[in-house]
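Q: Quick one: this structure, given as structure tokens, is what I'll be asking you about.
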Number of protein chains: 8
Amino acid sequence: MHVHDHNRLARIGMPEAVLCDSKTVDQLEQIVGDLTKAGNPVLFTRMSTPLHGSLPPTAQSLLDHDPVSQTATMHGRLAPRSTGHVAVVAAGTSDQQVAAEVVATLAFLGIATDLIVDVGVAGLWRLENRLPDIHTATIVIAVAGMDAALVSVLGGLVRTPLIAVPTSVGYGVAKGGSTALHSALASCAQGITVVNIDNGFGAASAAVRILDAIERGAGPSPESP
Amino acid sequence: MHVHDHNRLARIGMPEAVLCDSKTVDQLEQIVGDLTKAGNPVLFTRMSTPLHGSLPPTAQSLLDHDPVSQTATMHGRLAPRSTGHVAVVAAGTSDQQVAAEVVATLAFLGIATDLIVDVGVAGLWRLENRLPDIHTATIVIAVAGMDAALVSVLGGLVRTPLIAVPTSVGYGVAKGGSTALHSALASCAQGITVVNIDNGFGAASAAVRILDAIERGAGPSPESP
Amino acid sequence: MHVHDHNRLARIGMPEAVLCDSKTVDQLEQIVGDLTKAGNPVLFTRMSTPLHGSLPPTAQSLLDHDPVSQTATMHGRLAPRSTGHVAVVAAGTSDQQVAAEVVATLAFLGIATDLIVDVGVAGLWRLENRLPDIHTATIVIAVAGMDAALVSVLGGLVRTPLIAVPTSVGYGVAKGGSTALHSALASCAQGITVVNIDNGFGAASAAVRILDAIERGAGPSPESP
Amino acid sequence: MHVHDHNRLARIGMPEAVLCDSKTVDQLEQIVGDLTKAGNPVLFTRMSTPLHGSLPPTAQSLLDHDPVSQTATMHGRLAPRSTGHVAVVAAGTSDQQVAAEVVATLAFLGIATDLIVDVGVAGLWRLENRLPDIHTATIVIAVAGMDAALVSVLGGLVRTPLIAVPTSVGYGVAKGGSTALHSALASCAQGITVVNIDNGFGAASAAVRILDAIERGAGPSPESP
Amino acid sequence: MHVHDHNRLARIGMPEAVLCDSKTVDQLEQIVGDLTKAGNPVLFTRMSTPLHGSLPPTAQSLLDHDPVSQTATMHGRLAPRSTGHVAVVAAGTSDQQVAAEVVATLAFLGIATDLIVDVGVAGLWRLENRLPDIHTATIVIAVAGMDAALVSVLGGLVRTPLIAVPTSVGYGVAKGGSTALHSALASCAQGITVVNIDNGFGAASAAVRILDAIERGAGPSPESP
Amino acid sequence: MHVHDHNRLARIGMPEAVLCDSKTVDQLEQIVGDLTKAGNPVLFTRMSTPLHGSLPPTAQSLLDHDPVSQTATMHGRLAPRSTGHVAVVAAGTSDQQVAAEVVATLAFLGIATDLIVDVGVAGLWRLENRLPDIHTATIVIAVAGMDAALVSVLGGLVRTPLIAVPTSVGYGVAKGGSTALHSALASCAQGITVVNIDNGFGAASAAVRILDAIERGAGPSPESP
Amino acid sequence: MHVHDHNRLARIGMPEAVLCDSKTVDQLEQIVGDLTKAGNPVLFTRMSTPLHGSLPPTAQSLLDHDPVSQTATMHGRLAPRSTGHVAVVAAGTSDQQVAAEVVATLAFLGIATDLIVDVGVAGLWRLENRLPDIHTATIVIAVAGMDAALVSVLGGLVRTPLIAVPTSVGYGVAKGGSTALHSALASCAQGITVVNIDNGFGAASAAVRILDAIERGAGPSPESP
Amino acid sequence: MHVHDHNRLARIGMPEAVLCDSKTVDQLEQIVGDLTKAGNPVLFTRMSTPLHGSLPPTAQSLLDHDPVSQTATMHGRLAPRSTGHVAVVAAGTSDQQVAAEVVATLAFLGIATDLIVDVGVAGLWRLENRLPDIHTATIVIAVAGMDAALVSVLGGLVRTPLIAVPTSVGYGVAKGGSTALHSALASCAQGITVVNIDNGFGAASAAVRILDAIERGAGPSPESP
């Protein structure tokens, strides 16, 4: 039997989440069954529409599936929080699935987001038009594939925490996302941090760690149970 | 003439910093001269002891050089801040130079640090002994080379923002740091972010972005000038 | 005609085994036919359910196929041995197919196993709960993808021979398993050895070499025929 | 004896050039001797100051060496041309050696340049300040290491031919220049072309091909002799 | 809503273009709808025949799709220009799809092309037969996979601007195109520039930048609006 | 202060060891001083002769340095054990430094070894001549660079536990050892395990884990303190 | 129209050959049509059974297709030659498709072959059993994936020209064939040459160059027409 | 003691050879001493001038060292053979050291060579001028770095056996030689074989295998003793 991490919320401030894409249908059905008994809100990521469709009807009926972000939730979401909001800034249309995973994860965790797309630096005026909105955010998450130049440009324009999510969009040297990843890591802008390629869920989780720190103020974190 | 970014402090909350290791002695002498006129505190990173020694005496006398972290400062430091402190947790003795760059950068920026070393996960009890100290920090920066397993273990134990600095320590597959980098990016612990290999300065800068956000609370960042 | 290695059992202590996934259906049918005549127990690895299903009925009826481990046996198994048992420790649900290959291979060879799953280090308490069981094993095989941090943590906790099987589970930098492989090889824990990515069969075979050595005691191995 | 390509100027519009860094001192001395007899202007690239210093005095006296660009010329330069000028735009101080190779090569070929440095996109206002100058150029060559984000931003701002020279400046993932190279190749800005890492000479040569085409107008190139 | 870059034509001399292969059918339908309202000529690249076929009939009817180049146009093309023509030289039959993308992009932009195929250097006489035609072109674009040796050979034979498009054709070390890319970048011929693997559209766009410069003559480019 | 892992011997059966090559002279002097107080036997690996020579005389006098294996010991060695012996089989003269590290580590741990060199498979008769000796060993450690073909050949000839140490010897594709590493991991011989490139210490440590298991027999390992 | 290289036979001793796997069905149909007119023997490689089946019936009827080697011939074969024969030695069953391409290519060229399979070095006796046959060959072609250790072992046993064909068989680090390729290139056996991964056709062509040289004896090759 | 392979000449037609660059001075001194007793001709490769100079005078006096090819011989050379000669064709001056290793190895083995340099394809006429000489050779060895385009062009022009030696000459993507290696392996010219980067000795050895086959004619090779 799958051993779930029921006290993760208390320990690190984040509830249970299940990464679906390397699991079999049988394994997912088993996990849904186990978690149903626990009754807590759960997030499933990388649950493609075909994978969702191949689950048995009982399991499907327990899940609230979103085809754009390829996520699903069970037992609702966490209560909304008023700690600020996150701007999710995506370079192009092709990056939107990853951006949607960021938004869906934050929504599940009760955090407001502002999704800003099509602001790639090849048309800098588009980004400049949206800067006033971006400046109102508490945290900025930049989602970009190809050369990920958006990350560096944003890094020089905003002073908030800035988390980059490289995406696997592209062909040739951009294929698979390592160019975007390396570009974000090598950024000449100061103080940018990076998560794994296409890891929208991870960037959202990192934002939650920061928002929790803002809520607590400058004191130490409560000790883990 | 070098064009300095004098309003960077106002724009993104961080003062001027100069990366030395790809500059010539002539270029550095020129930069020191230019920045002397401005009179603001400046941080120099990756200034090795031989490089420092090869500068002309006038330039050397303007710099406060630290051989362990290979940093130097000019015109003092920023005023101390009371926004919390950062735990800098290093896996092994060999990671200490990078850890020292994190500490020196944060000290320059007026932020208190707690340096905790030799807590590699091959001796898990050493890390467990230091957990109470780590839990008092506002932010944790994990510095680790080789397999960087410390990053994942910390990620499951603390709820604060956690920034990983992979180091280039090691031989064979660990040489150059890509194993540590990839291991940190692929961590199964939630919400960890990563900076470039050996980029202690970058991790410290990212911590400053978060501490600024904590100081501002949940509201928007002040607009850039 | 395929030239089988009938005396491998006498020479290196392991019976015939057939890796299926780069063979055609025609080749496999031929091999099954040839080996039927020999009449010895045979293990087939990486025989996917579709591949098994595409074999002619006669060949299928000779095979005992297990869809979870994607292995099949013919002419039964080796007699059970009482030399100790192997703990197969898997980080996550997604690693279970590889872990199942380890278990199926050892079962075929007559060796008892204890399968322990969902003990990734992001929730260290789960691993600590299972340590008493792990300590009873003669050999530990750690199966882990992504950052493979489980390998290093186990390496510092157990004194038995410890064999790591990196898995290809994951996306972005983890895709294909090279991060897990490099992380296991670069582990700071002492005396860990590693096999190829997803090579559950190889790890089981290495365990057999060790168990044979334990049975023989400290003397030399019997000379090959 | 080295076989020189004396009619290269007639054939492809570019005179003899000698890449020094993989040649021995003996080979260079021999080449200088051979080319002296021919009497045409020659450019030597990647001739470091120590390499220049290790040549015999006779050879040294024939060369006009520039330590910044690590180039040398012999028998003067080509006559100045009035076909337009090239803006050489470098992201940072560390990229200046490569930028200087571009400028020295173009100067040797009789072409005017405007060198614009320290306009990395982390301080976008610095680039914007220099845009009026950049817009006056016939061709723009962008020299950038690290994430090479300058290339994409320039690509969206200028309509002239734009050639990117990635540099090997940087550490971690930026080391050696492959991140800058891949970032420039994957740029989302339209119609950017790229040369090998640190290949300032190549970018200058590509600019000459374009300037020759402008001189000829839209007709066909004269056939090679 | 997708934010289109309507003034790109004025700014950098190129009209709107849409890269299709990383977009969903829903996203493309939306984009076609948005761009229909604008009424300007648009080019779609990497629109495979199945992708085109999966669009709703209304969207399909607005597009003029070419299965060989996998491009489509909407609202016609730009007016023909008389600035010269581009020779598109492809090494082998297998490179023709990428060569067709170059030709289709240039045709859309009103520029004449001469497509010359099957001139790989393993049969040098085939290339020599076509040299008179190649010499009449204003610009040469070389399309080549595998070892891309055609690029270097052409580089020594023509004096026009020469842009290389490496292709992903091939198996073993040639698979994916990195050998062709690196070979083109490392070419010993002077002044060759390179675009991303399979990026026919990019090479055509770079040619347009050069043709625009030829039209303007040696003066500065008109300032962006 | 360096936190030493004094109970490692009790916990995982191996005493303190210090990897020197990424530590500074100051750090090593400090470590030697700390460990002197503890008084237990310590092994230093990768302590080159120049590094040893740069330590202060007091530190040097405490160390017993071996220039061939680049190891040093302090406070003697562990008592000899009678659990069997290890054959250390090296393909070529160039692999001998790594082989010497294996031998020195095992000698420090009280274990007998038989060093067999110059048995590369390009002269198979040399290996065959030494097989009788190799068959008397309890464990075989194969040390090989370049193509590491020795590993596979040995794997088919011996039935003992077999640990491969790829070495970084070689040039071209062999440079750095990744070819040897991958070759050993991909070996078609069954049940071979592998350690990091040049990691003689790690292979010796893995052998100790196995020898301990042989001493204990088939029962469980004693629980860690 | 495809420009065929009709005089290749005269020029380099090899007739026309067509690599199919990167061509479209339309392109192949066109090529078959063109070559039918010429009437010379033609070899098609990498023509998979589905690809062959998707050609129009007229084209299919002109081709003699072999599903094992995935080759087809048109207009028969070259006349048999009596210059010696080639031993094609394959390590495992999985390498047989590539070995079959070698055999089919040589058969097309009129050269006798001896196919020897299942002689991987993990069971060295199998190779030794076949050595007498191998020693009768004029040239040996070794086909091997995974660690390609067969190549080195053969290199030390035979004195004939020895050409290695690495195959893409395998998983983990062996996937795609780069381990086999690098292992063959790094072989410690003297005088082995290597072709691209899976390039059975290339190895056969190289053998023809050698057999032609043997036929001519030690004199110069006839000049190309 | 080093175990020398004294019957290698009888077994595979090549005498003893010693690769020096990964051996210590002590090891080389020992080897020279051992081989002196045997009295047969020996070739030492990659013996740099400093390495030669650091040997003790007695060892130096036994060696005939050539600084250009970095080889040395002891006890003379093999008797000259009249089996034909080898054309060694090098693209550029920078490839000459590797070309010299080819020539020195063949000279040691008694085989005549014709060294042809500076025939890179960027100036195709230089190669064409030398083709008559090249056509007189029995075997052609092409030595080329960077894009190695010379290999493919030669492959289409000559019908002799053609062996490519990629060199590590170059910078950026050419650095280390993998671009040249991959380019040679991916060559579209038929029947080219390749050796490891910079492996002039290996290419010469492969030529010897072919020349031996020519001497023997089409019959089988004599069995190894």
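Just remember, in the structure tokens the first chain shown is A, the second B, etc., residues are 1-based per chain, and ligands are 1-based in the order shown.
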Name the residues in contact with E:Arg209 at a cut-off of 9 Å, using only C-alpha atoms, excluding same-chain residues fewer than 2 positions from it; report them as JSON, numbers by chain.
A: {"D": [159, 160, 161, 162, 191, 192], "E": [12, 13, 14, 204, 205, 206, 207, 211, 212, 213, 214]}
Q: Could you pull the residues within 8 Å of A:Val88, counting only C-alpha atoms, minus those fewer than 5 positions along the same chain, as a PyMOL selection string?
A: chain A and resi 99+102-103+113-116+140-143
Q: Go ahead and save the residues from that selection, with N, CA, C and O atoms, as an mmCIF file, in the first residue's frame.
A:
data_model
loop_
_atom_site.group_PDB
_atom_site.id
_atom_site.type_symbol
_atom_site.label_atom_id
_atom_site.label_comp_id
_atom_site.auth_asym_id
_atom_site.auth_seq_id
_atom_site.Cartn_x
_atom_site.Cartn_y
_atom_site.Cartn_z
ATOM 1 N N ALA A 99 2.262 27.375 -17.345
ATOM 2 C CA ALA A 99 1.743 28.499 -16.561
ATOM 3 C C ALA A 99 0.431 28.119 -15.892
ATOM 4 O O ALA A 99 0.165 28.475 -14.734
ATOM 5 N N VAL A 102 1.027 26.255 -12.740
ATOM 6 C CA VAL A 102 1.347 27.166 -11.632
ATOM 7 C C VAL A 102 0.066 27.739 -11.049
ATOM 8 O O VAL A 102 -0.162 27.708 -9.823
ATOM 9 N N VAL A 103 -0.800 28.249 -11.926
ATOM 10 C CA VAL A 103 -2.034 28.896 -11.475
ATOM 11 C C VAL A 103 -2.931 27.903 -10.750
ATOM 12 O O VAL A 103 -3.478 28.197 -9.675
ATOM 13 N N THR A 113 -3.813 34.639 -8.096
ATOM 14 C CA THR A 113 -2.788 34.787 -9.137
ATOM 15 C C THR A 113 -3.267 35.757 -10.203
ATOM 16 O O THR A 113 -4.451 35.988 -10.371
ATOM 17 N N ASP A 114 -2.305 36.292 -10.906
ATOM 18 C CA ASP A 114 -2.589 37.147 -12.059
ATOM 19 C C ASP A 114 -1.778 36.570 -13.223
ATOM 20 O O ASP A 114 -0.546 36.619 -13.201
ATOM 21 N N LEU A 115 -2.464 35.998 -14.217
ATOM 22 C CA LEU A 115 -1.777 35.334 -15.328
ATOM 23 C C LEU A 115 -1.558 36.326 -16.477
ATOM 24 O O LEU A 115 -2.511 36.890 -17.003
ATOM 25 N N ILE A 116 -0.329 36.521 -16.843
ATOM 26 C CA ILE A 116 0.043 37.514 -17.859
ATOM 27 C C ILE A 116 0.807 36.783 -18.947
ATOM 28 O O ILE A 116 1.907 36.282 -18.694
ATOM 29 N N VAL A 140 6.814 37.073 -8.250
ATOM 30 C CA VAL A 140 6.662 36.881 -9.689
ATOM 31 C C VAL A 140 7.232 35.520 -10.076
ATOM 32 O O VAL A 140 8.339 35.151 -9.658
ATOM 33 N N ILE A 141 6.445 34.774 -10.844
ATOM 34 C CA ILE A 141 6.924 33.513 -11.412
ATOM 35 C C ILE A 141 6.974 33.696 -12.926
ATOM 36 O O ILE A 141 5.961 33.999 -13.549
ATOM 37 N N ALA A 142 8.183 33.528 -13.492
ATOM 38 C CA ALA A 142 8.356 33.710 -14.941
ATOM 39 C C ALA A 142 8.417 32.343 -15.604
ATOM 40 O O ALA A 142 9.235 31.502 -15.223
ATOM 41 N N VAL A 143 7.559 32.116 -16.588
ATOM 42 C CA VAL A 143 7.479 30.837 -17.298
ATOM 43 C C VAL A 143 7.947 31.072 -18.734
ATOM 44 O O VAL A 143 7.330 31.848 -19.464
#
Q: Based on only C-alpha atoms, which of the residues in chain D come within 10 Å of chain A? I want them as a PyMOL selection string.
A: chain D and resi 91-92+120-125+145-157+170-175+178-190
Q: List as an MDAnalysis selection string the protein and nucleic acid residues near H:Val98, meaning an atom at most 7 Å away when only C-alpha atoms are counted, but skip any in the same chain fewer than 2 places from it.
A: chainID H and resid 69 95:96 100:102 198 200
Q: Keeping only N, CA, C and O atoms, write those residues as a PDB file, in the first residue's frame.
A:
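Wrote result35.pdb, looks like this:
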ATOM      1  N   SER H  69      56.353  14.962 -33.773  1.00  0.00           N
ATOM      2  CA  SER H  69      55.301  13.946 -33.642  1.00  0.00           C
ATOM      3  C   SER H  69      55.144  13.471 -32.210  1.00  0.00           C
ATOM      4  O   SER H  69      54.230  12.695 -31.925  1.00  0.00           O
ATOM      5  N   ASP H  95      46.691  20.813 -37.601  1.00  0.00           N
ATOM      6  CA  ASP H  95      46.521  19.369 -37.509  1.00  0.00           C
ATOM      7  C   ASP H  95      47.840  18.625 -37.690  1.00  0.00           C
ATOM      8  O   ASP H  95      47.869  17.395 -37.668  1.00  0.00           O
ATOM      9  N   GLN H  96      48.941  19.372 -37.870  1.00  0.00           N
ATOM     10  CA  GLN H  96      50.174  18.698 -38.263  1.00  0.00           C
ATOM     11  C   GLN H  96      50.779  17.805 -37.205  1.00  0.00           C
ATOM     12  O   GLN H  96      51.474  16.851 -37.520  1.00  0.00           O
ATOM     13  N   ALA H 100      51.819  14.168 -38.010  1.00  0.00           N
ATOM     14  CA  ALA H 100      53.192  13.706 -37.798  1.00  0.00           C
ATOM     15  C   ALA H 100      53.219  12.392 -37.020  1.00  0.00           C
ATOM     16  O   ALA H 100      54.092  11.549 -37.241  1.00  0.00           O
ATOM     17  N   GLU H 101      52.273  12.192 -36.112  1.00  0.00           N
ATOM     18  CA  GLU H 101      52.211  10.915 -35.387  1.00  0.00           C
ATOM     19  C   GLU H 101      51.872   9.778 -36.339  1.00  0.00           C
ATOM     20  O   GLU H 101      52.422   8.675 -36.234  1.00  0.00           O
ATOM     21  N   VAL H 102      50.979  10.038 -37.285  1.00  0.00           N
ATOM     22  CA  VAL H 102      50.673   9.027 -38.304  1.00  0.00           C
ATOM     23  C   VAL H 102      51.929   8.680 -39.083  1.00  0.00           C
ATOM     24  O   VAL H 102      52.286   7.501 -39.245  1.00  0.00           O
ATOM     25  N   ASP H 198      42.486  12.512 -32.312  1.00  0.00           N
ATOM     26  CA  ASP H 198      43.948  12.663 -32.185  1.00  0.00           C
ATOM     27  C   ASP H 198      44.697  11.331 -32.238  1.00  0.00           C
ATOM     28  O   ASP H 198      45.892  11.290 -31.925  1.00  0.00           O
ATOM     29  N   GLY H 200      46.460   9.366 -34.116  1.00  0.00           N
ATOM     30  CA  GLY H 200      47.266   9.118 -35.306  1.00  0.00           C
ATOM     31  C   GLY H 200      47.869   7.727 -35.304  1.00  0.00           C
ATOM     32  O   GLY H 200      47.936   7.063 -36.344  1.00  0.00           O
TER      33      GLY H 200
END
Q: Using backbone DSSP assignments, extract all helix (DSSP H, G or I) residues from stretch 20-90 of chain H; output them as a VMD selection string.
A: chain H and resid 25 to 38 49 to 54 57 to 62
Q: Taking into account only C-alpha atoms, which residue in the set F:Lys23, F:Arg130, F:Arg46, F:Arg216 is nearest to F:Gln97?
A: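 Closest to F:Gln97 of all the choices is F:Arg46.
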Q: List as an NGL selection string the protein and nucleic acid residues near G:Gln30, meaning an atom at most 12 Å away when only C-alpha atoms are counted, but skip any in the same chain fewer than 2 places from it.
A: (:E and (93)) or (:G and (1-4 or 23-28 or 32-37 or 55-56 or 58-59))
Q: What's the separation between atom CA of A:Ala203 and atom CA of C:Thr167, in Å to one decimal place?
A: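 Atom CA of C:Thr167 lies at a distance of 24.0 Å from atom CA of A:Ala203.
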Q: Could you tell me how far atom CA of A:Pro57 lies from atom CA of A:His75, in Å and to one decimal?
A: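 Separation between atom CA of A:Pro57 and atom CA of A:His75: 16.6 Å.
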